[in-house]
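Engineer: So that you have it, the file is input24.txt, and it contains compact mmCIF, C-alpha atoms:
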```txt
# COMPACT_ATOMS: atom_id res chain seq x y z
CA MET E 363 3.38 11.50 28.32
CA ALA E 364 6.66 9.67 27.68
CA LYS E 365 7.63 9.15 24.04
CA LEU E 366 6.64 5.71 22.82
CA GLY E 367 8.86 3.75 20.46
CA ASN E 368 10.84 1.66 22.90
CA PRO E 369 9.83 -1.67 24.47
CA GLN E 370 9.57 -0.45 28.09
CA GLU E 371 7.16 2.43 27.33
CA THR E 372 5.07 0.27 24.98
CA ILE E 373 4.73 -2.54 27.55
CA ALA E 374 3.87 -0.01 30.29
CA VAL E 375 1.01 1.44 28.15
CA LEU E 376 -0.32 -2.02 27.22
CA GLN E 377 -0.28 -3.10 30.90
CA LYS E 378 -1.89 0.13 32.12
CA TYR E 379 -4.90 -0.51 29.86
CA GLY E 380 -4.86 -4.33 30.05
CA PHE E 381 -4.71 -4.37 26.25
CA HIS E 382 -4.92 -7.72 24.46
CA PHE E 383 -3.70 -8.09 20.88
CA GLN E 384 -6.40 -9.07 18.42
CA LYS E 385 -5.34 -11.55 15.77
CA LYS E 386 -8.16 -10.44 13.43
CA PHE E 387 -6.58 -6.95 13.21
CA GLY E 388 -3.05 -8.28 12.62
CA GLN E 389 -1.59 -6.03 15.33
CA ASN E 390 2.22 -5.66 15.65
CA PHE E 391 3.51 -2.48 17.33
CA LEU E 392 6.89 -0.97 16.39
CA ILE E 393 9.41 -0.67 19.22
CA ASP E 394 12.47 0.76 17.47
CA PRO E 395 12.95 4.57 17.37
CA ARG E 396 15.51 4.28 14.52
CA VAL E 397 12.94 2.59 12.28
CA LEU E 398 10.34 5.24 13.21
CA GLU E 399 12.76 8.00 12.21
CA LYS E 400 13.53 6.21 8.92
CA ILE E 401 9.80 6.12 8.11
CA ILE E 402 9.40 9.87 8.75
CA ARG E 403 12.46 10.56 6.57
CA ALA E 404 11.29 8.24 3.79
CA ALA E 405 7.86 9.93 3.70
CA GLY E 406 9.55 13.36 3.54
CA VAL E 407 7.15 14.79 6.14
CA THR E 408 7.52 18.55 6.76
CA LYS E 409 5.64 21.24 8.72
CA GLU E 410 3.71 22.03 5.51
CA ASP E 411 2.15 18.58 5.37
CA PHE E 412 -1.16 17.04 6.27
CA VAL E 413 -0.56 13.31 6.91
CA LEU E 414 -3.10 10.49 6.96
CA GLU E 415 -1.96 7.64 9.20
CA ILE E 416 -3.61 4.25 8.80
CA GLY E 417 -3.56 1.98 11.85
CA PRO E 418 -1.93 4.12 14.57
CA GLY E 419 -2.12 1.32 17.18
CA ILE E 420 -1.18 2.91 20.52
CA GLY E 421 0.09 6.10 18.83
CA THR E 422 3.81 5.28 18.55
CA MET E 423 4.28 6.55 15.00
CA THR E 424 1.58 9.19 15.48
CA GLN E 425 3.74 10.97 18.05
CA TYR E 426 6.64 11.17 15.58
CA LEU E 427 4.31 12.32 12.78
CA ALA E 428 2.69 14.99 14.99
CA GLU E 429 6.13 16.48 15.69
CA ALA E 430 7.10 16.49 12.00
CA ALA E 431 3.82 17.47 10.26
CA ARG E 432 1.39 20.38 10.30
CA GLU E 433 -1.58 18.10 11.00
CA VAL E 434 -2.24 14.36 11.31
CA THR E 435 -5.48 12.38 10.98
CA ALA E 436 -5.11 8.81 12.25
CA VAL E 437 -7.69 6.15 11.34
CA GLU E 438 -7.90 3.19 13.74
CA ILE E 439 -10.36 0.30 13.34
CA ASP E 440 -9.98 -1.22 16.85
CA ARG E 441 -12.18 0.74 19.28
CA ASN E 442 -10.26 -0.77 22.24
CA LEU E 443 -7.31 1.40 21.19
CA ILE E 444 -9.22 4.71 21.18
CA PRO E 445 -8.90 5.41 24.97
CA ILE E 446 -5.19 4.56 24.74
CA LEU E 447 -4.74 6.99 21.81
CA GLU E 448 -6.58 9.73 23.73
CA ASP E 449 -4.00 9.25 26.48
CA THR E 450 -0.79 8.85 24.43
CA LEU E 451 -1.66 11.74 22.08
CA ARG E 452 -3.16 14.18 24.61
CA GLU E 453 -0.20 16.59 24.36
CA TYR E 454 -0.55 16.96 20.57
CA ASP E 455 -3.16 19.47 19.45
CA ASN E 456 -2.54 18.78 15.72
CA VAL E 457 -3.82 15.16 15.79
CA ASN E 458 -7.34 13.95 15.04
CA VAL E 459 -8.25 10.27 15.59
CA ILE E 460 -11.10 8.61 13.67
CA CYS E 461 -12.38 5.17 14.72
CA ASP E 462 -13.31 3.54 11.40
CA ASP E 463 -12.33 1.04 8.71
CA ILE E 464 -10.01 2.86 6.29
CA LEU E 465 -11.69 1.10 3.33
CA LYS E 466 -14.92 2.96 4.24
CA VAL E 467 -13.40 6.43 4.81
CA ASP E 468 -13.86 9.07 2.10
CA ILE E 469 -10.18 10.01 1.85
CA ALA E 470 -10.70 12.44 -1.05
CA ALA E 471 -13.19 14.40 1.13
CA LEU E 472 -10.67 14.34 3.99
CA ALA E 473 -7.96 15.73 1.67
CA ARG E 474 -10.32 18.51 0.56
CA GLU E 475 -11.22 19.40 4.15
CA LYS E 476 -7.75 19.18 5.70
CA ASN E 477 -5.45 20.01 2.78
CA GLY E 478 -7.50 22.07 0.32
CA GLY E 479 -7.58 19.08 -2.07
CA ARG E 480 -3.79 19.16 -2.49
CA PRO E 481 -1.91 15.82 -2.55
CA ILE E 482 -1.55 14.28 0.89
CA LYS E 483 1.06 11.96 2.41
CA VAL E 484 -0.06 8.61 3.79
CA VAL E 485 1.91 6.63 6.40
CA ALA E 486 0.89 3.19 7.63
CA ASN E 487 2.01 0.08 9.48
CA LEU E 488 -0.43 -2.26 7.78
CA PRO E 489 -1.68 -5.67 8.88
CA TYR E 490 -0.35 -8.07 6.27
CA TYR E 491 -3.68 -9.65 5.34
CA ILE E 492 -5.10 -6.33 4.11
CA THR E 493 -2.06 -4.53 2.70
CA THR E 494 -2.98 -4.93 -0.97
CA PRO E 495 -6.67 -3.83 -0.78
CA ILE E 496 -5.68 -0.70 1.17
CA ILE E 497 -2.85 0.34 -1.16
CA MET E 498 -4.88 -0.43 -4.30
CA GLY E 499 -7.86 1.43 -2.83
CA LEU E 500 -5.73 4.54 -2.30
CA PHE E 501 -4.51 4.57 -5.90
CA GLU E 502 -7.66 3.41 -7.65
CA ARG E 503 -10.09 5.71 -5.79
CA GLN E 504 -8.39 8.78 -7.29
CA VAL E 505 -7.31 10.11 -3.90
CA PRO E 506 -4.93 13.10 -4.29
CA LEU E 507 -1.66 11.47 -3.13
CA ASP E 508 1.92 12.65 -2.93
CA ASN E 509 3.30 9.42 -1.54
CA VAL E 510 2.32 6.39 0.51
CA THR E 511 4.97 5.11 2.95
CA VAL E 512 4.05 1.76 4.44
CA MET E 513 5.45 -1.01 6.57
CA VAL E 514 4.62 -4.25 4.79
CA GLN E 515 5.73 -7.88 4.76
CA LYS E 516 9.15 -8.07 3.07
CA GLU E 517 7.88 -10.35 0.31
CA VAL E 518 5.08 -7.88 -0.53
CA ALA E 519 7.66 -5.08 -0.85
CA ASP E 520 9.69 -7.36 -3.15
CA ARG E 521 6.59 -8.03 -5.27
CA MET E 522 5.80 -4.32 -5.57
CA GLN E 523 9.13 -3.56 -7.21
CA ALA E 524 9.70 -6.79 -9.16
CA GLY E 525 10.28 -6.74 -12.93
CA PRO E 526 9.16 -9.09 -15.78
CA GLY E 527 10.40 -12.67 -15.72
CA THR E 528 11.11 -12.80 -11.97
CA LYS E 529 9.27 -15.07 -9.52
CA ASP E 530 7.93 -12.08 -7.51
CA TYR E 531 6.50 -10.33 -10.60
CA GLY E 532 2.72 -10.30 -10.78
CA ALA E 533 -0.47 -8.25 -10.89
CA LEU E 534 0.54 -6.30 -7.75
CA SER E 535 3.92 -5.30 -9.30
CA LEU E 536 2.24 -3.99 -12.45
CA THR E 537 -0.57 -2.16 -10.66
CA VAL E 538 1.77 -0.44 -8.20
CA GLN E 539 4.25 0.49 -10.95
CA TYR E 540 1.45 1.93 -13.12
CA TYR E 541 0.54 4.39 -10.36
CA ALA E 542 3.79 4.99 -8.49
CA GLU E 543 7.54 4.66 -8.21
CA ALA E 544 8.46 2.11 -5.50
CA TYR E 545 11.48 2.55 -3.24
CA VAL E 546 12.42 0.33 -0.27
CA ALA E 547 13.68 2.63 2.50
CA ALA E 548 14.49 -0.06 5.09
CA TYR E 549 14.24 -3.75 5.88
CA VAL E 550 12.97 -4.37 9.41
CA PRO E 551 13.58 -7.62 11.36
CA PRO E 552 10.85 -9.24 13.51
CA ASN E 553 12.51 -8.17 16.80
CA CYS E 554 11.51 -4.53 16.11
CA PHE E 555 7.86 -5.37 16.95
CA ILE E 556 5.66 -6.44 19.85
CA PRO E 557 4.46 -9.16 19.33
CA ARG E 558 7.12 -10.46 16.94
CA PRO E 559 5.69 -11.31 13.52
CA GLY E 560 6.80 -14.58 11.94
CA VAL E 561 8.29 -12.78 8.92
CA GLY E 562 10.58 -9.88 8.09
CA SER E 563 9.11 -6.51 7.11
CA ALA E 564 10.08 -3.61 4.88
CA VAL E 565 9.34 0.11 4.73
CA ILE E 566 8.41 0.98 1.15
CA ARG E 567 7.61 4.43 -0.25
CA LEU E 568 5.32 4.66 -3.26
CA THR E 569 5.63 8.09 -4.89
CA ARG E 570 2.69 8.76 -7.17
CA HIS E 571 3.56 9.43 -10.83
CA LYS E 572 2.56 12.94 -11.94
CA GLU E 573 1.50 11.45 -15.30
CA PRO E 574 0.74 7.79 -16.10
CA VAL E 575 3.90 5.98 -17.24
CA VAL E 576 2.01 4.28 -20.09
CA SER E 577 -0.90 5.54 -22.13
CA CYS E 578 -3.79 3.18 -22.75
CA ARG E 579 -7.23 3.81 -24.19
CA ASP E 580 -8.98 1.55 -21.68
CA THR E 581 -7.06 1.11 -18.41
CA GLY E 582 -9.91 -0.99 -16.98
CA LEU E 583 -9.37 -3.53 -19.77
CA MET E 584 -5.59 -3.39 -19.27
CA PHE E 585 -5.97 -4.29 -15.56
CA ARG E 586 -8.44 -7.10 -16.38
CA LEU E 587 -5.86 -8.54 -18.81
CA ILE E 588 -3.13 -8.23 -16.17
CA ARG E 589 -5.21 -9.98 -13.49
CA ALA E 590 -6.31 -12.74 -15.89
CA SER E 591 -2.78 -13.43 -17.09
CA PHE E 592 -1.51 -14.04 -13.54
CA ASN E 593 -4.58 -15.92 -12.23
CA GLN E 594 -3.24 -19.03 -13.97
CA ARG E 595 0.43 -18.25 -13.85
CA ARG E 596 1.74 -21.53 -15.32
CA LYS E 597 -0.49 -21.32 -18.39
CA THR E 598 0.40 -19.46 -21.59
CA LEU E 599 -0.90 -15.90 -21.87
CA ALA E 600 -3.36 -16.96 -24.61
CA ASN E 601 -4.86 -19.75 -22.48
CA SER E 602 -5.04 -17.59 -19.34
CA LEU E 603 -6.94 -14.87 -21.22
CA CYS E 604 -9.26 -17.38 -22.95
CA ASN E 605 -10.18 -18.94 -19.59
CA ALA E 606 -10.89 -15.62 -17.86
CA PRO E 607 -14.64 -15.15 -17.17
CA GLU E 608 -14.25 -11.32 -17.09
CA LEU E 609 -12.94 -11.23 -20.69
CA SER E 610 -15.08 -11.89 -23.75
CA PHE E 611 -12.53 -12.28 -26.57
CA SER E 612 -12.33 -15.37 -28.76
CA LYS E 613 -9.17 -17.49 -28.78
CA GLU E 614 -8.50 -16.30 -32.33
CA GLU E 615 -8.74 -12.60 -31.37
CA ILE E 616 -6.37 -13.14 -28.46
CA GLN E 617 -3.83 -15.08 -30.53
CA LYS E 618 -3.90 -12.42 -33.26
CA ALA E 619 -3.34 -9.65 -30.71
CA ILE E 620 -0.36 -11.50 -29.17
CA GLU E 621 1.07 -12.04 -32.66
CA ALA E 622 0.58 -8.35 -33.51
CA LEU E 623 2.83 -7.51 -30.53
CA GLY E 624 5.54 -9.70 -32.06
CA LEU E 625 5.36 -12.20 -29.20
CA SER E 626 5.56 -16.00 -29.32
CA PRO E 627 2.19 -17.84 -29.14
CA SER E 628 3.57 -19.73 -26.11
CA VAL E 629 4.55 -16.59 -24.15
CA ARG E 630 3.42 -16.39 -20.51
CA GLY E 631 1.98 -13.29 -18.86
CA GLU E 632 4.98 -12.98 -16.53
CA ALA E 633 7.19 -12.13 -19.54
CA LEU E 634 5.26 -8.96 -20.48
CA ALA E 635 6.18 -5.46 -19.27
CA LEU E 636 3.55 -2.85 -18.40
CA GLU E 637 3.93 -1.19 -21.85
CA GLN E 638 3.14 -4.52 -23.55
CA PHE E 639 -0.02 -5.03 -21.50
CA ALA E 640 -1.10 -1.49 -22.46
CA ALA E 641 -0.42 -2.22 -26.13
CA LEU E 642 -2.31 -5.54 -25.89
CA ALA E 643 -5.31 -3.75 -24.37
CA ASP E 644 -5.26 -1.19 -27.20
CA ILE E 645 -5.19 -3.91 -29.88
CA LEU E 646 -8.04 -5.85 -28.24
CA ALA E 647 -10.08 -2.71 -27.60
CA SER E 648 -10.00 -1.85 -31.31
```
Let me see the file written as structure tokens.

Structural biologist:
Amino acid sequence: MAKLGNPQETIAVLQKYGFHFQKKFGQNFLIDPRVLEKIIRAAGVTKEDFVLEIGPGIGTMTQYLAEAAREVTAVEIDRNLIPILEDTLREYDNVNVICDDILKVDIAALAREKNGGRPIKVVANLPYYITTPIIMGLFERQVPLDNVTVMVQKEVADRMQAGPGTKDYGALSLTVQYYAEAYVAAYVPPNCFIPRPGVGSAVIRLTRHKEPVVSCRDTGLMFRLIRASFNQRRKTLANSLCNAPELSFSKEEIQKAIEALGLSPSVRGEALALEQFAALADILAS
């Protein structure tokens, strides 16, 4: 089997199987070997590693991963791609393909089975509409992770690493930064894909923190405060938290807590750093 990763080989495979792109799966296949190599480098994949790949498509990245890693499990939701993957990956005996929705896969059990429960590396070229649920699911479901290296829409990568007071800063920035250190390894223009997406993309590596960067008595409450404060971005922090149905604090309790942090009553959520949200959660929890 010829190595995928260039337009001619990709088109030949798609024509051979009469494959039609499905909009509902947000399919865009990479056709640039330099970008593929950058992803492998960014993820730091070695022969010691078990790698979980999300959304292998026709197996372009999977071939590169199979050559770099000890073992690869690729999870693909589109069953029309399974016969293609059986063909393009037939020469690799260290690859296992699962046809399933990644949000329903027990990744912790997979890590136990394939990697003795040690932290795994995840690599993905994610459809843009489902990027956030997949990444949040990986971190919040207590999966043993070393790093997650993903191709995402450029503006999502910008949001993941944004700081307080910037227009890109929001609940996603804070959640990602609580769990991991974000690093953009490459920006990727639309012409590196078939079909071309309407936006630029970025390869971002999220390296899981060994220890949480902030300590908080009730992280569930902290994340509810974060979500509530950005749900109504233009409102003051106090008003956003008072209007949030998932919070049950009185206006007075909220205003006192904001005051105790030494913040102005008219402060907005976008001005607070992660440490301040943790401190706010601790004050309200007590």

Engineer: Please report as a tab-separated table every residue of segment 373-412 of chain E lying within 10 Å of segment 462-477 of chain E, along with the nearest atom pair and their distance in Å (one decimal), using all atoms listed in the file.

Structural biologist:
```
residue	atom	partner	partner_atom	distance
E:Glu410	CA	E:Asn477	CA	9.8
E:Asp411	CA	E:Asn477	CA	8.2
E:Phe412	CA	E:Asn477	CA	6.3
```

Engineer: Find the spatial neighbours of Lys385 of chain E, counting only C-alpha atoms, within a cut-off of 10 Å - ignore same-chain residues fewer than 4 positions away - and output them as a list of chain:residue names.

Structural biologist: E:Gln389, E:Asn390, E:Pro489

Engineer: With distances taken over all atoms listed in the file, which of E:Ala619, E:Ala600, E:Met522, E:Ala542 is nearest to Glu573 of chain E?

Structural biologist: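 Result for the nearest residue to Glu573 of chain E: E:Ala542.
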
Engineer: Within 8 Å of Gly527 of chain E, counting all atoms listed in the file, which residues qualify if same-chain residues fewer than 6 places away don't, as a ChimeraX atom specification?

Structural biologist: /E:632-634

Engineer: I'd like the contact shell of Ala533 of chain E - 6 Å cut-off, all atoms listed in the file, skipping same-chain residues fewer than 2 positions apart - returned as a list in words.

Structural biologist: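 Those residues are Ser535, Leu536, Ile588 and Arg589 of chain E.
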
Engineer: Determine, using all atoms listed in the file, which residues of segment 505-598 of chain E have any atom at most 12 Å from an atom of segment 608-618 of chain E, and tabulate each with its shortest atom pair and distance in Å to one decimal place, rows ordered by chain and then rising number, as a Markdown table.

Structural biologist:
```
| residue | atom | partner | partner_atom | distance |
| --- | --- | --- | --- | --- |
| E:Gly582 | CA | E:Glu608 | CA | 11.2 |
| E:Leu583 | CA | E:Leu609 | CA | 8.5 |
| E:Met584 | CA | E:Leu609 | CA | 10.8 |
| E:Phe585 | CA | E:Glu608 | CA | 11.0 |
| E:Arg586 | CA | E:Glu608 | CA | 7.2 |
| E:Leu587 | CA | E:Leu609 | CA | 7.8 |
| E:Ile588 | CA | E:Leu609 | CA | 11.2 |
| E:Arg589 | CA | E:Glu608 | CA | 9.8 |
| E:Ala590 | CA | E:Glu608 | CA | 8.2 |
| E:Ser591 | CA | E:Leu609 | CA | 11.0 |
| E:Asn593 | CA | E:Glu608 | CA | 11.8 |
| E:Thr598 | CA | E:Gln617 | CA | 10.8 |
```

Engineer: So that I have them on file, write out the residues from the current selection with C-alpha atoms, as a compact mmCIF listing (two decimals), keeping the file's coordinate frame.

Structural biologist:
```
# COMPACT_ATOMS: atom_id res chain seq x y z
CA GLY E 582 -9.91 -0.99 -16.98
CA LEU E 583 -9.37 -3.53 -19.77
CA MET E 584 -5.59 -3.39 -19.27
CA PHE E 585 -5.97 -4.29 -15.56
CA ARG E 586 -8.44 -7.10 -16.38
CA LEU E 587 -5.86 -8.54 -18.81
CA ILE E 588 -3.13 -8.23 -16.17
CA ARG E 589 -5.21 -9.98 -13.49
CA ALA E 590 -6.31 -12.74 -15.89
CA SER E 591 -2.78 -13.43 -17.09
CA ASN E 593 -4.58 -15.92 -12.23
CA THR E 598 0.40 -19.46 -21.59
```

Engineer: Using only C-alpha atoms, which of E:Glu543, E:Glu448, E:Lys378, E:Leu366 sits nearest Ile460 of chain E?

Structural biologist: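 Smallest distance to Ile460 of chain E is found for E:Glu448.
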
Engineer: Near Asp530 of chain E, counting only C-alpha atoms, which residues have an atom at most 6 Å away, once you skip same-chain residues fewer than 2 positions from it, shown as a PyMOL selection string?

Structural biologist: chain E and resi 521+524+528

Engineer: I'd like the interatomic distance between atom CA of Ala548 of chain E and atom CA of Ile420 of chain E, to a tenth of an Å.

Structural biologist: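 Going from atom CA of Ala548 of chain E over to atom CA of Ile420 of chain E, I get 22.2 Å.
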
Engineer: Edge lengths and centre in Å to one decimal, as lines of an AutoDock Vina configuration file, of the axis-aligned box that encloses all listed atoms of segment 443-447 of chain E with 8 Å added on every side?

Structural biologist:
```
center_x = -7.0
center_y = 4.2
center_z = 23.1
size_x = 20.5
size_y = 21.6
size_z = 19.8
```

Engineer: Just the number, please: distance in Å from atom CA of Leu636 of chain E to atom CA of Ile482 of chain E, one decimal.

Structural biologist: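 Between atom CA of Leu636 of chain E and atom CA of Ile482 of chain E the gap works out to 26.3 Å.
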
Engineer: Find the residues near Ser602 of chain E: any atom within 9 Å, counting all atoms listed in the file, skip ones fewer than 5 places away on the same chain, and give them as a count of residues only.

Structural biologist: 10

Engineer: Grab the atom CA of Gln638 of chain E to atom CA of Val512 of chain E distance for me, in Å with one decimal place.

Structural biologist: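 Taking atom CA of Gln638 of chain E as the start and atom CA of Val512 of chain E as the end point, the length is 28.7 Å.
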
Engineer: From the set E:Ala606, E:Ile446, E:Pro481, E:Gly367, which residue has the shortest atom-to-atom contact distance to Gln504 of chain E, counting all atoms listed in the file?

Structural biologist: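 When distances to Gln504 of chain E are compared using all atoms listed in the file, the smallest one comes from E:Pro481.
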
Engineer: At most 9 Å from (5.5, 9.4, 17.9), file frame, all atoms listed in the file: which residues, as a list in words?

Structural biologist: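 Checked against the point, the hits come out as Lys365, Leu366, Gly367, Pro395, Leu398, Gly421, Thr422, Met423, Thr424, Gln425, Tyr426, Leu427, Ala428, Glu429 and Leu451 of chain E.
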
Engineer: Would you list the residues near (4.1, 2.3, -17.9), meaning any protein, DNA or RNA residue with an atom at most 7 Å from that point in file coordinates, counting only C-alpha atoms, as a list of chain:residue names?

Structural biologist: E:Tyr540, E:Pro574, E:Val575, E:Val576, E:Leu636, E:Glu637

Engineer: Select, from E:Ala641, E:Ile556, E:Val434, E:Val514, the residue with the minimum atom-to-atom distance to Ala486 of chain E, counting all atoms listed in the file.

Structural biologist: E:Val514

Engineer: Nearest to Thr493 of chain E: which of E:Glu453, E:Gly624, E:Ile566, E:Ala431 is it, counting only C-alpha atoms?

Structural biologist: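 Smallest separation from Thr493 of chain E among the options: E:Ile566.
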